[in-house]
Amino acid sequence: MLIRIGGKTILTDPVMSNRIGLGLWLMTLGPKRHIAPALEVRQLPPLDLILISHSHFDHLDRPTLAQLPKKTPVITASHTSDLIRDLGFRNITELAWDEQEKLDGLTITARKVRHWGARTFFDKHRGYNAYLIESDKHRILYGGDTAQQDFFSDIGRVDLAMIGISAYDPYIQAHTTPEQAWEMTRQMPADFVIPIHHSTFRLSHEPMDEPLRRMLAAAGKDAEKIVIREPGGTWTWQESAVPARV
């Protein structure tokens, strides 16, 4: 996601590679991309922050990070900075659950999720986060990866929730179904929702177009709150469109 909030531009879990996974000399062993990135690296605006949720290959893509400006601050999960620092980044902050970092008027809080952080079989110590991002006007949640849980129920109302909706068959212990994802956005609640983590890489067995169809069905009459429905879409928050706050 490319986010503009509080006058700052944030890029989350950037993956521009055509294939993700283990690098083997001139090859990458892992899933291939099914849809092109919305932007190439050279088309990105100046970045104020790179936000990394966890170390899995479809979230922390070292070839992509290697192409990004090294002066950009990075916030990442605990015990993951070693995967980033050797690429040339120096301003790296690790956050564990409930820890915060301030950035020129923004507050970024790491939130607990139900997932796992190991990049390989041997590094189970690595952390994994969602992030609450707050400016003086707006609150948004970048959900990272999570299975069904109620850890977001105490966040309070947010303007926007970005929530993963795929890779649940058979990995239901690590990812939500679309129906579970929708329910989690209602627990906060979220005024608007952007489904993420779908339609780009085949990571599981469900048809690639199934998660979004199920998300829209789960939303029912509130489906207009789902504001981006395909990779590459854009959305601008407008106060006139916000539901009345109770």
# chains A, B, ... in the order shown; residues from 1 in each chain; ligands from 1
>>> select_by_dssp(residues="stretch 16-242 of chain A", states="strand (DSSP E or B)", output="ChimeraX atom specification")
/A:19,22-24,27-29,32-33,49-51,54,74-77,92-95,100-103,106-111,128,130-134,139-142,158-164,190-196,201,226
>>> closest_atom_pairs(of="stretch 79-191 of chain A", to="stretch 59-63 of chain A", cutoff="9 Å", atoms="only C-alpha atoms", output="Markdown table")
| residue | atom | partner | partner_atom | distance |
| --- | --- | --- | --- | --- |
| A:Leu83 | CA | A:Arg62 | CA | 7.6 |
| A:Ile84 | CA | A:Arg62 | CA | 7.3 |
| A:Leu87 | CA | A:Arg62 | CA | 7.8 |
| A:Gly144 | CA | A:His59 | CA | 8.5 |
>>> write_last_selection(atoms="C-alpha atoms", output="short mmCIF file (atom, residue, chain, number, x, y, z; two decimals), in the first residue's frame")
data_model
loop_
_atom_site.label_atom_id
_atom_site.label_comp_id
_atom_site.auth_asym_id
_atom_site.auth_seq_id
_atom_site.Cartn_x
_atom_site.Cartn_y
_atom_site.Cartn_z
CA LEU A 83 17.24 -8.45 6.84
CA ILE A 84 17.17 -4.74 5.97
CA LEU A 87 20.89 -3.33 2.10
CA GLY A 144 -0.45 -7.00 7.95
#
>>> residues_around(residues="A:Ile155", least_positions_apart="5", cutoff="9 Å", atoms="only C-alpha atoms", output="VMD selection string")
chain A and resid 132 187 to 189
>>> residues_around(residues="A:Asp104", least_positions_apart="5", cutoff="12 Å", atoms="only C-alpha atoms", output="list in words")
Ile5, Gly6, Gly7, Lys8, Thr9, Asp48, Leu49, Pro73, Glu134, Ser135 and Asp136 of chain A
>>> closest_residue(among="A:His197, A:Met16, A:Ile140, A:Met27", to="A:Ile3", atoms="only C-alpha atoms")
A:Ile140
>>> residues_around(residues="stretch 118-131 of chain A", least_positions_apart="3", cutoff="9 Å", atoms="only C-alpha atoms", output="MDAnalysis selection string")
chainID A and resid 51:57 76:80 95:97 108:115 140:146
>>> atom_distance(atom1="atom CA of A:Ile226", atom2="atom CA of A:Arg213")
11.7 Å
>>> select_by_dssp(residues="stretch 1-88 of chain A", states="alpha helix (DSSP H)", output="PDB file with C-alpha atoms, in the first residue's frame")
ATOM      1  CA  ARG A  62      14.836  -7.675  -0.280  1.00  0.00           C
ATOM      2  CA  PRO A  63      15.241  -7.104  -4.058  1.00  0.00           C
ATOM      3  CA  THR A  64      12.570  -4.400  -3.893  1.00  0.00           C
ATOM      4  CA  LEU A  65      13.993  -2.797  -0.756  1.00  0.00           C
ATOM      5  CA  ASP A  82      19.115  -7.669  10.086  1.00  0.00           C
ATOM      6  CA  LEU A  83      17.243  -8.453   6.843  1.00  0.00           C
ATOM      7  CA  ILE A  84      17.168  -4.739   5.971  1.00  0.00           C
ATOM      8  CA  ARG A  85      20.287  -3.124   7.403  1.00  0.00           C
TER       9      ARG A  85
END
>>> atom_distance(atom1="atom CA of A:Arg202", atom2="atom CA of A:Pro231")
14.2 Å
>>> residues_around(residues="A:Ala219", least_positions_apart="6", cutoff="10 Å", atoms="only C-alpha atoms", output="number ranges by chain")
A: 178-179, 182-183, 186, 225-226
>>> write_last_selection(atoms="C-alpha atoms", output="CSV table (one decimal), in the first residue's frame")
chain,number,residue,atom,x,y,z
A,178,PRO,CA,-13.1,-12.8,3.9
A,179,GLU,CA,-16.0,-13.2,6.3
A,182,TRP,CA,-15.1,-8.2,7.5
A,183,GLU,CA,-16.1,-9.0,11.1
A,186,ARG,CA,-16.8,-4.1,12.3
A,225,LYS,CA,-17.6,0.8,2.5
A,226,ILE,CA,-15.1,-1.4,0.6
>>> atom_distance(atom1="atom CA of A:Pro46", atom2="atom CA of A:Thr236")
18.6 Å
